[in-house]
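Colleague: Provided herewith: input.txt, compact mmCIF, C-alpha atoms and all ligand atoms.
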# COMPACT_ATOMS: atom_id res chain seq x y z
CA MET I 247 -17.97 26.36 29.01
CA SER I 248 -17.66 25.08 32.56
CA ARG I 249 -18.45 27.58 35.32
CA LEU I 250 -15.33 26.25 37.04
CA LYS I 251 -12.88 27.27 34.32
CA ASN I 252 -9.97 29.28 35.78
CA LYS I 253 -11.60 29.18 39.25
CA TRP I 254 -9.42 28.57 42.31
CA VAL I 255 -10.21 25.34 44.15
CA VAL I 256 -8.58 24.44 47.47
CA ILE I 257 -8.73 20.78 48.48
CA THR I 258 -7.57 19.42 51.84
CA GLY I 259 -6.60 15.76 52.09
CA ALA I 260 -5.70 15.78 48.39
CA SER I 261 -3.03 13.07 48.60
CA SER I 262 -5.40 10.11 48.18
CA GLY I 263 -9.01 8.96 47.85
CA PHE I 264 -11.73 11.57 47.28
CA GLY I 265 -9.33 14.52 47.54
CA ALA I 266 -6.94 13.23 44.88
CA ALA I 267 -9.78 12.23 42.55
CA ALA I 268 -11.50 15.60 43.09
CA ALA I 269 -8.29 17.43 42.14
CA VAL I 270 -8.24 15.67 38.76
CA ALA I 271 -12.02 16.08 38.29
CA PHE I 272 -11.81 19.85 38.94
CA ALA I 273 -8.77 20.01 36.65
CA ARG I 274 -10.85 18.50 33.83
CA GLU I 275 -13.17 21.51 34.21
CA GLY I 276 -10.20 23.83 33.71
CA ALA I 277 -9.97 24.88 37.37
CA ASN I 278 -6.78 25.78 39.21
CA VAL I 279 -6.25 23.37 42.09
CA ILE I 280 -4.45 24.07 45.35
CA LEU I 281 -3.71 20.88 47.21
CA GLY I 282 -2.84 20.18 50.84
CA ALA I 283 -2.06 17.06 52.89
CA ARG I 284 0.85 15.62 54.89
CA ARG I 285 2.31 13.25 52.25
CA LEU I 286 4.19 15.51 49.85
CA ASN I 287 5.30 12.76 47.46
CA ARG I 288 1.65 11.85 46.88
CA LEU I 289 0.64 15.49 46.43
CA GLN I 290 3.34 15.89 43.82
CA GLU I 291 1.81 13.02 41.81
CA VAL I 292 -1.71 14.41 42.15
CA ALA I 293 -0.57 17.87 41.04
CA LYS I 294 1.11 16.32 38.00
CA ALA I 295 -2.05 14.36 37.11
CA SER I 296 -4.14 17.53 37.58
CA ARG I 297 -1.95 19.51 35.17
CA ALA I 298 -2.19 16.66 32.65
CA ALA I 299 -6.00 16.72 33.04
CA GLY I 300 -6.18 20.41 32.11
CA SER I 301 -5.53 22.49 35.21
CA PRO I 302 -3.83 25.81 34.33
CA ALA I 303 -2.22 25.79 37.79
CA ALA I 304 -1.93 22.81 40.13
CA GLU I 305 0.10 23.63 43.23
CA PHE I 306 0.63 21.79 46.50
CA HIS I 307 1.91 22.50 49.99
CA GLU I 308 2.27 20.49 53.17
CA LEU I 309 -0.80 20.74 55.39
CA ASP I 310 -1.58 19.12 58.71
CA VAL I 311 -5.12 20.21 59.55
CA ALA I 312 -4.59 19.03 63.12
CA ASN I 313 -1.96 21.73 63.62
CA THR I 314 -2.91 25.41 63.74
CA ALA I 315 0.55 26.65 62.69
CA SER I 316 0.51 24.33 59.68
CA VAL I 317 -2.94 25.56 58.62
CA LYS I 318 -1.80 29.21 58.95
CA ALA I 319 1.37 28.52 56.93
CA PHE I 320 -0.69 26.78 54.23
CA VAL I 321 -3.11 29.68 53.90
CA GLU I 322 -0.30 32.29 53.91
CA TRP I 323 1.36 30.32 51.09
CA LEU I 324 -1.84 30.08 49.03
CA LYS I 325 -2.44 33.85 49.37
CA GLY I 326 0.70 34.19 47.24
CA LEU I 327 -1.09 32.27 44.47
CA THR I 328 -4.55 33.84 44.58
CA PRO I 329 -6.34 36.64 46.44
CA LYS I 330 -9.63 34.66 46.40
CA ILE I 331 -10.88 31.11 46.80
CA ASP I 332 -13.83 30.01 44.66
CA VAL I 333 -14.25 26.49 46.07
CA LEU I 334 -12.97 25.11 49.38
CA VAL I 335 -13.30 21.34 49.76
CA ASN I 336 -12.85 20.36 53.40
CA ASN I 337 -12.08 16.71 52.82
CA ALA I 338 -9.13 15.84 55.11
CA GLY I 339 -10.14 13.35 57.75
CA GLY I 340 -11.01 9.75 58.34
CA ALA I 341 -11.52 7.14 61.04
CA LYS I 342 -9.09 5.35 63.36
CA GLY I 343 -9.97 2.18 65.21
CA MET I 344 -13.23 0.29 65.44
CA GLU I 345 -13.75 -0.73 69.02
CA MET I 346 -16.66 -0.45 71.43
CA LEU I 347 -16.47 2.75 73.44
CA ALA I 348 -15.42 0.72 76.49
CA ASP I 349 -12.26 -0.44 74.70
CA ALA I 350 -11.53 2.44 72.30
CA HIS I 351 -8.32 4.48 72.43
CA GLU I 352 -8.08 8.13 73.29
CA GLU I 353 -5.37 8.80 70.66
CA ASP I 354 -7.79 7.53 68.00
CA TRP I 355 -10.52 9.88 69.27
CA GLU I 356 -7.95 12.69 69.11
CA PHE I 357 -7.17 11.90 65.46
CA MET I 358 -10.85 11.82 64.48
CA PHE I 359 -11.80 15.06 66.22
CA GLN I 360 -8.59 16.89 65.29
CA THR I 361 -9.07 16.17 61.58
CA ASN I 362 -12.81 15.81 60.82
CA VAL I 363 -13.95 18.53 63.24
CA LEU I 364 -11.25 20.93 64.47
CA GLY I 365 -9.24 20.67 61.24
CA LEU I 366 -12.30 21.58 59.19
CA MET I 367 -12.98 24.56 61.47
CA ARG I 368 -9.34 25.73 61.42
CA VAL I 369 -9.08 25.60 57.64
CA THR I 370 -12.47 27.24 57.15
CA GLN I 371 -11.71 30.07 59.57
CA ALA I 372 -8.33 30.74 57.95
CA CYS I 373 -9.78 30.67 54.40
CA LEU I 374 -13.01 32.63 55.07
CA PRO I 375 -11.51 36.09 54.42
CA LEU I 376 -10.62 34.89 50.91
CA ILE I 377 -14.11 33.45 50.32
CA VAL I 378 -16.83 35.66 51.79
CA SER I 379 -16.50 38.53 49.36
CA ASN I 380 -16.74 36.06 46.50
CA GLU I 381 -20.39 35.59 45.46
CA GLY I 382 -21.00 32.15 43.95
CA ALA I 383 -18.14 30.55 45.85
CA SER I 384 -18.69 27.23 47.63
CA ILE I 385 -17.50 25.61 50.81
CA ILE I 386 -18.01 21.87 50.40
CA ASN I 387 -17.52 19.80 53.52
CA ILE I 388 -17.15 16.04 53.32
CA GLY I 389 -19.36 14.37 55.89
CA SER I 390 -20.52 10.77 55.98
CA ILE I 391 -23.57 8.62 56.45
CA ALA I 392 -21.89 8.00 59.82
CA GLY I 393 -22.88 11.53 60.79
CA ARG I 394 -26.52 10.66 60.15
CA GLN I 395 -26.75 7.12 61.56
CA ALA I 396 -24.84 5.99 64.65
CA TYR I 397 -23.32 2.51 64.58
CA GLU I 398 -21.66 0.27 67.14
CA ARG I 399 -17.87 0.71 67.37
CA GLY I 400 -18.14 4.07 65.67
CA ALA I 401 -18.84 6.47 68.55
CA ALA I 402 -16.06 8.95 67.89
CA TYR I 403 -16.25 8.83 64.09
CA CYS I 404 -20.06 9.10 64.03
CA ALA I 405 -19.89 11.97 66.53
CA ALA I 406 -17.19 13.74 64.50
CA LYS I 407 -19.19 13.52 61.28
CA ALA I 408 -22.38 14.57 63.11
CA ALA I 409 -20.38 17.61 64.23
CA GLU I 410 -19.36 18.26 60.62
CA LEU I 411 -23.05 18.35 59.63
CA SER I 412 -23.82 20.74 62.46
CA ILE I 413 -20.90 23.03 61.58
CA THR I 414 -22.06 23.08 57.95
CA LYS I 415 -25.58 24.14 58.98
CA THR I 416 -24.24 26.78 61.39
CA LEU I 417 -21.87 28.35 58.86
CA ARG I 418 -24.65 28.49 56.25
CA LEU I 419 -26.69 30.58 58.70
CA GLU I 420 -23.74 32.75 59.68
CA ILE I 421 -22.69 33.75 56.15
CA ASN I 422 -26.16 33.96 54.65
CA GLY I 423 -26.27 37.08 52.46
CA THR I 424 -22.70 36.77 51.20
CA GLY I 425 -23.70 34.65 48.18
CA VAL I 426 -21.38 31.85 49.34
CA ARG I 427 -22.83 28.33 49.33
CA VAL I 428 -22.13 25.96 52.24
CA CYS I 429 -22.70 22.31 51.36
CA THR I 430 -22.10 18.86 52.73
CA VAL I 431 -21.48 15.75 50.63
CA ASP I 432 -22.05 12.64 52.74
CA PRO I 433 -20.88 9.34 51.21
CA GLY I 434 -21.46 5.75 52.28
CA PHE I 435 -18.95 2.93 51.72
CA ALA I 436 -16.27 4.00 49.23
CA LYS I 437 -13.12 2.05 48.49
CA THR I 438 -10.23 4.43 49.16
CA GLU I 439 -7.49 4.30 51.80
CA PHE I 440 -10.18 5.04 54.41
CA ALA I 441 -10.54 1.45 55.70
CA LEU I 442 -6.78 0.87 55.63
CA VAL I 443 -6.33 3.94 57.86
CA ARG I 444 -9.22 2.88 60.11
CA PHE I 445 -7.69 -0.59 60.57
CA LYS I 446 -4.18 0.85 60.97
CA GLY I 447 -2.64 -0.78 57.90
CA ASP I 448 -4.38 -4.19 58.16
CA ALA I 449 -5.23 -4.70 54.46
CA GLU I 450 -7.15 -7.94 55.05
CA LYS I 451 -9.53 -6.29 57.51
CA ALA I 452 -9.85 -3.27 55.26
CA ASP I 453 -10.79 -5.36 52.21
CA LYS I 454 -13.41 -7.28 54.20
CA VAL I 455 -15.47 -4.09 54.56
CA TYR I 456 -16.36 -4.32 50.86
CA ASP I 457 -16.53 -8.12 50.51
CA GLY I 458 -19.03 -9.17 47.83
CA MET I 459 -20.51 -5.69 47.30
CA ASN I 460 -19.85 -2.88 44.84
CA PRO I 461 -18.66 0.11 46.86
CA LEU I 462 -18.44 3.67 45.58
CA THR I 463 -15.15 4.69 43.97
CA ALA I 464 -13.20 7.86 44.73
CA GLU I 465 -14.16 9.06 41.24
CA ASP I 466 -17.90 8.63 41.95
CA VAL I 467 -17.59 10.97 44.92
CA ALA I 468 -15.24 13.37 43.11
CA GLU I 469 -17.73 13.80 40.24
CA THR I 470 -20.44 14.57 42.79
CA ILE I 471 -18.30 17.20 44.53
CA VAL I 472 -17.62 18.87 41.17
CA TRP I 473 -21.33 18.77 40.29
CA VAL I 474 -22.20 20.48 43.59
CA ALA I 475 -19.60 23.21 42.95
CA ASN I 476 -20.72 23.64 39.35
CA ARG I 477 -24.38 24.61 40.05
CA PRO I 478 -25.46 28.16 39.11
CA ALA I 479 -24.58 30.73 41.78
CA HIS I 480 -28.18 30.96 43.08
CA VAL I 481 -28.38 27.17 43.70
CA CYS I 482 -27.03 25.65 46.89
CA ILE I 483 -26.98 21.89 47.35
CA ASP I 484 -27.31 21.98 51.14
CA GLU I 485 -26.87 18.26 51.80
CA LEU I 486 -26.14 15.39 49.44
CA VAL I 487 -26.04 11.74 50.54
CA ILE I 488 -24.39 9.32 48.10
CA LYS I 489 -24.29 5.58 48.79
CA PRO I 490 -23.53 2.44 46.81
CA THR I 491 -26.72 0.88 45.44
CA ASP I 492 -25.78 -2.23 47.45
CA GLN I 493 -25.87 -0.22 50.70
CA ALA I 494 -29.37 0.58 51.99
CA ALA I 495 -28.13 1.68 55.42
CA VAL I 496 -24.77 1.64 57.25
CA TYR I 497 -24.91 -2.11 57.99
CA LYS I 498 -27.59 -3.17 55.52
CA THR I 499 -25.42 -4.12 52.56
CA TYR I 500 -26.18 -6.60 49.82
CA ARG I 501 -23.27 -9.07 49.48
CA ARG I 502 -22.93 -11.45 46.56
CA THR I 503 -20.68 -13.90 48.43
P1 LIG I 601 -8.29 8.47 52.32
O1 LIG I 601 -7.68 7.86 53.54
O2 LIG I 601 -7.96 7.90 51.01
O3 LIG I 601 -7.97 10.04 52.29
C1 LIG I 601 -7.89 10.80 53.46
C2 LIG I 601 -7.15 12.08 53.15
O4 LIG I 601 -7.12 12.88 54.34
C3 LIG I 601 -5.70 11.83 52.76
O5 LIG I 601 -5.37 12.67 51.67
C4 LIG I 601 -4.91 12.23 53.99
O6 LIG I 601 -3.65 12.78 53.61
C5 LIG I 601 -5.80 13.33 54.54
N1 LIG I 601 -5.52 13.60 55.94
C6 LIG I 601 -5.66 12.78 57.00
N2 LIG I 601 -5.23 13.40 58.12
C7 LIG I 601 -4.82 14.63 57.75
C8 LIG I 601 -4.24 15.74 58.43
N3 LIG I 601 -4.02 15.69 59.75
N4 LIG I 601 -3.93 16.85 57.73
C9 LIG I 601 -4.15 16.90 56.40
N5 LIG I 601 -4.68 15.88 55.69
C10 LIG I 601 -4.99 14.76 56.36
O7 LIG I 601 -9.86 8.41 52.57
P2 LIG I 601 -11.11 9.07 51.80
O8 LIG I 601 -10.72 9.72 50.56
O9 LIG I 601 -12.15 8.02 51.77
O10 LIG I 601 -11.56 10.14 52.89
C11 LIG I 601 -11.75 11.50 52.59
C12 LIG I 601 -12.86 12.03 53.49
O11 LIG I 601 -14.06 11.33 53.22
C13 LIG I 601 -12.62 11.85 54.98
O12 LIG I 601 -13.09 13.01 55.64
C14 LIG I 601 -13.49 10.64 55.33
O13 LIG I 601 -13.88 10.64 56.68
C15 LIG I 601 -14.66 10.85 54.40
N6 LIG I 601 -15.49 9.71 54.08
C16 LIG I 601 -14.97 8.54 53.57
C17 LIG I 601 -15.81 7.49 53.22
C18 LIG I 601 -15.29 6.18 52.71
O14 LIG I 601 -16.01 5.16 52.83
N7 LIG I 601 -14.13 6.13 52.08
C19 LIG I 601 -17.26 7.63 53.34
C20 LIG I 601 -17.69 8.89 53.90
C21 LIG I 601 -16.84 9.88 54.22
P3 LIG I 601 -2.27 12.58 54.37
O15 LIG I 601 -2.32 11.28 55.09
O16 LIG I 601 -1.26 12.63 53.27
O17 LIG I 601 -2.17 13.77 55.28
C1 LIG I 602 -17.25 6.22 55.98
C2 LIG I 602 -18.49 5.43 55.83
O1 LIG I 602 -20.10 3.84 57.05
O2 LIG I 602 -17.70 3.38 57.21
O3 LIG I 602 -17.53 7.49 56.45
O4 LIG I 602 -18.67 5.19 58.42
S1 LIG I 602 -18.76 4.42 57.21
Give the structure from the file, written as structure tokens.
Ligand code: NDP
Ligand code: 8X3

Modeller:
Amino acid sequence: MSRLKNKWVVITGASSGFGAAAAVAFAREGANVILGARRLNRLQEVAKASRAAGSPAAEFHELDVANTASVKAFVEWLKGLTPKIDVLVNNAGGAKGMEMLADAHEEDWEFMFQTNVLGLMRVTQACLPLIVSNEGASIINIGSIAGRQAYERGAAYCAAKAAELSITKTLRLEINGTGVRVCTVDPGFAKTEFALVRFKGDAEKADKVYDGMNPLTAEDVAETIVWVANRPAHVCIDELVIKPTDQAAVYKTYRRT
């Protein structure tokens, strides 16, 4: 039997990409999934798919991780469903814009820091009281290879994901002794809505990112997140980097065309 059966899993950014796929993957293990994001119509679909995949309870609520009041309202709501969280997946985030620092836009920096960094901290702080007394629970943060290797035109995103790695390491030190695991899963190129968001709806530019190569899928990353959460309680996967085989480094990608 899966260790995740009947556990309570909270996923931020569950309306698309890794978050949506993770909801269904946890549901297949028999876990209850609690889903948050801004697009409610999408969350409704993901909750339905999660129930169909085997989740005893799949519930959703609006969540804007960039807004403290929204995070508080989300956590107050989820306390009505469960007194404890077994797995928190801090996934909400992404990139906006791809310009040199000299030409980049402050509102894009705001988005990247508000979601990937401050949003992760807000949600974690608000959820911690429901997690720290729960030995064997996991906090799984979604980082990126961008947090490990800087690249041109990526200053704010690389810095935000480097911050995520640092926050993960800090929290692991701070809650050592509680039995709660703090992990980071750091993917390379994965075809989700990530590039579409980064290029502000320009589908042609977004598709070009993966031209001629085989990127990761949302399901590849979701399976990995579930695997990390499903280790025995005494095992913590501190840091896990997952890249497409075609990607040796951020901009060293094998292209068939
Ligand atoms: P998607 O764009 O498909 O998913 C992003 C998710 O984040 C959506 O569900 C979106 O929901 C949510 N989100 C964005 N802003 C907010 C907000 N303010 N409040 C709540 N939710 C928000 O991309 P991915 O699935 O690829 O991205 C998931 C995570 O993985 C991100 O942190 C990203 O940086 C990271 N990542 C992605 C990689 C890739 O190549 N795809 C590689 C490495 C890391 P909504 O808009 O409905 O609020
Ligand atoms: C997404 C991967 O390399 O586009 O985090 O930054 S990358």

Colleague: Neighbourhood query: residues within 12 Å of (-1.2, 30.9, 60.8), file coordinates, counting all atoms listed in the file; return as a tab-separated table (two decimals) with C-alpha atoms, in the frame of the given file.

Modeller:
chain	number	residue	atom	x	y	z
I	309	LEU	CA	-0.80	20.74	55.39
I	310	ASP	CA	-1.58	19.12	58.71
I	311	VAL	CA	-5.12	20.21	59.55
I	313	ASN	CA	-1.96	21.73	63.62
I	314	THR	CA	-2.91	25.41	63.74
I	315	ALA	CA	0.55	26.65	62.69
I	316	SER	CA	0.51	24.33	59.68
I	317	VAL	CA	-2.94	25.56	58.62
I	318	LYS	CA	-1.80	29.21	58.95
I	319	ALA	CA	1.37	28.52	56.93
I	320	PHE	CA	-0.69	26.78	54.23
I	321	VAL	CA	-3.11	29.68	53.90
I	322	GLU	CA	-0.30	32.29	53.91
I	323	TRP	CA	1.36	30.32	51.09
I	324	LEU	CA	-1.84	30.08	49.03
I	325	LYS	CA	-2.44	33.85	49.37
I	368	ARG	CA	-9.34	25.73	61.42
I	369	VAL	CA	-9.08	25.60	57.64
I	371	GLN	CA	-11.71	30.07	59.57
I	372	ALA	CA	-8.33	30.74	57.95
I	373	CYS	CA	-9.78	30.67	54.40

Colleague: Using only C-alpha atoms and all ligand atoms, determine which residues fall within 10 Å of ligand LIG 602 (chain I), then list them as a ChimeraX atom specification.

Modeller: /I:339-341,344,388-397,400,403-404,407,432-438,440-441,444,455,489,493,495-497

Colleague: Could you check how far atom O5 of ligand LIG 601 (chain I) sits from CA of Lys451 in chain I, in Å to one decimal?

Modeller: 20.3 Å

Colleague: Between I:Asp448, I:Glu410, I:Glu465, I:Asp492, which has the minimum distance to Leu366 in chain I (counting all atoms listed in the file)?

Modeller: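 Of I:Asp448, I:Glu410, I:Glu465, I:Asp492, the one nearest Leu366 in chain I, counting all atoms listed in the file, is I:Glu410.
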
Colleague: Around (-22.5, 28.3, 50.5), as given in the file, which residues come within 12 Å? Count all atoms listed in the file and list them as a PyMOL selection string.

Modeller: chain I and resi 332-335+374+377-387+414-430+474-475+477-485

Colleague: By how many Å are CA of Ala298 in chain I and CA of Arg274 in chain I apart?

Modeller: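 Computing the Euclidean distance for CA of Ala298 in chain I and CA of Arg274 in chain I yields 8.9 Å.
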
Colleague: Have a look at I:Arg501, I:Lys342, I:Ile413, I:Ala293 and name the one nearest to Lys454 in chain I; count only C-alpha atoms.

Modeller: I:Arg501

Colleague: Tell me, in Å to one decimal, how far atom C10 of ligand LIG 601 (chain I) is from CA of Glu439 in chain I.

Modeller: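 Result for atom C10 of ligand LIG 601 (chain I) versus CA of Glu439 in chain I: 11.7 Å, one decimal.
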
Colleague: Using only C-alpha atoms and all ligand atoms, find the one residue out of I:Glu275, I:Asp349, I:Glu450, I:Glu291 that sits nearest to ligand LIG 601 (chain I).

Modeller: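 Counting only C-alpha atoms and all ligand atoms, the residue closest to ligand LIG 601 (chain I) is I:Glu291.
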
Colleague: Return the single residue from I:Met367, I:Ala405, I:Leu411, I:Leu462 that is closest to Phe264 in chain I, with distances computed using all atoms listed in the file.

Modeller: I:Leu462
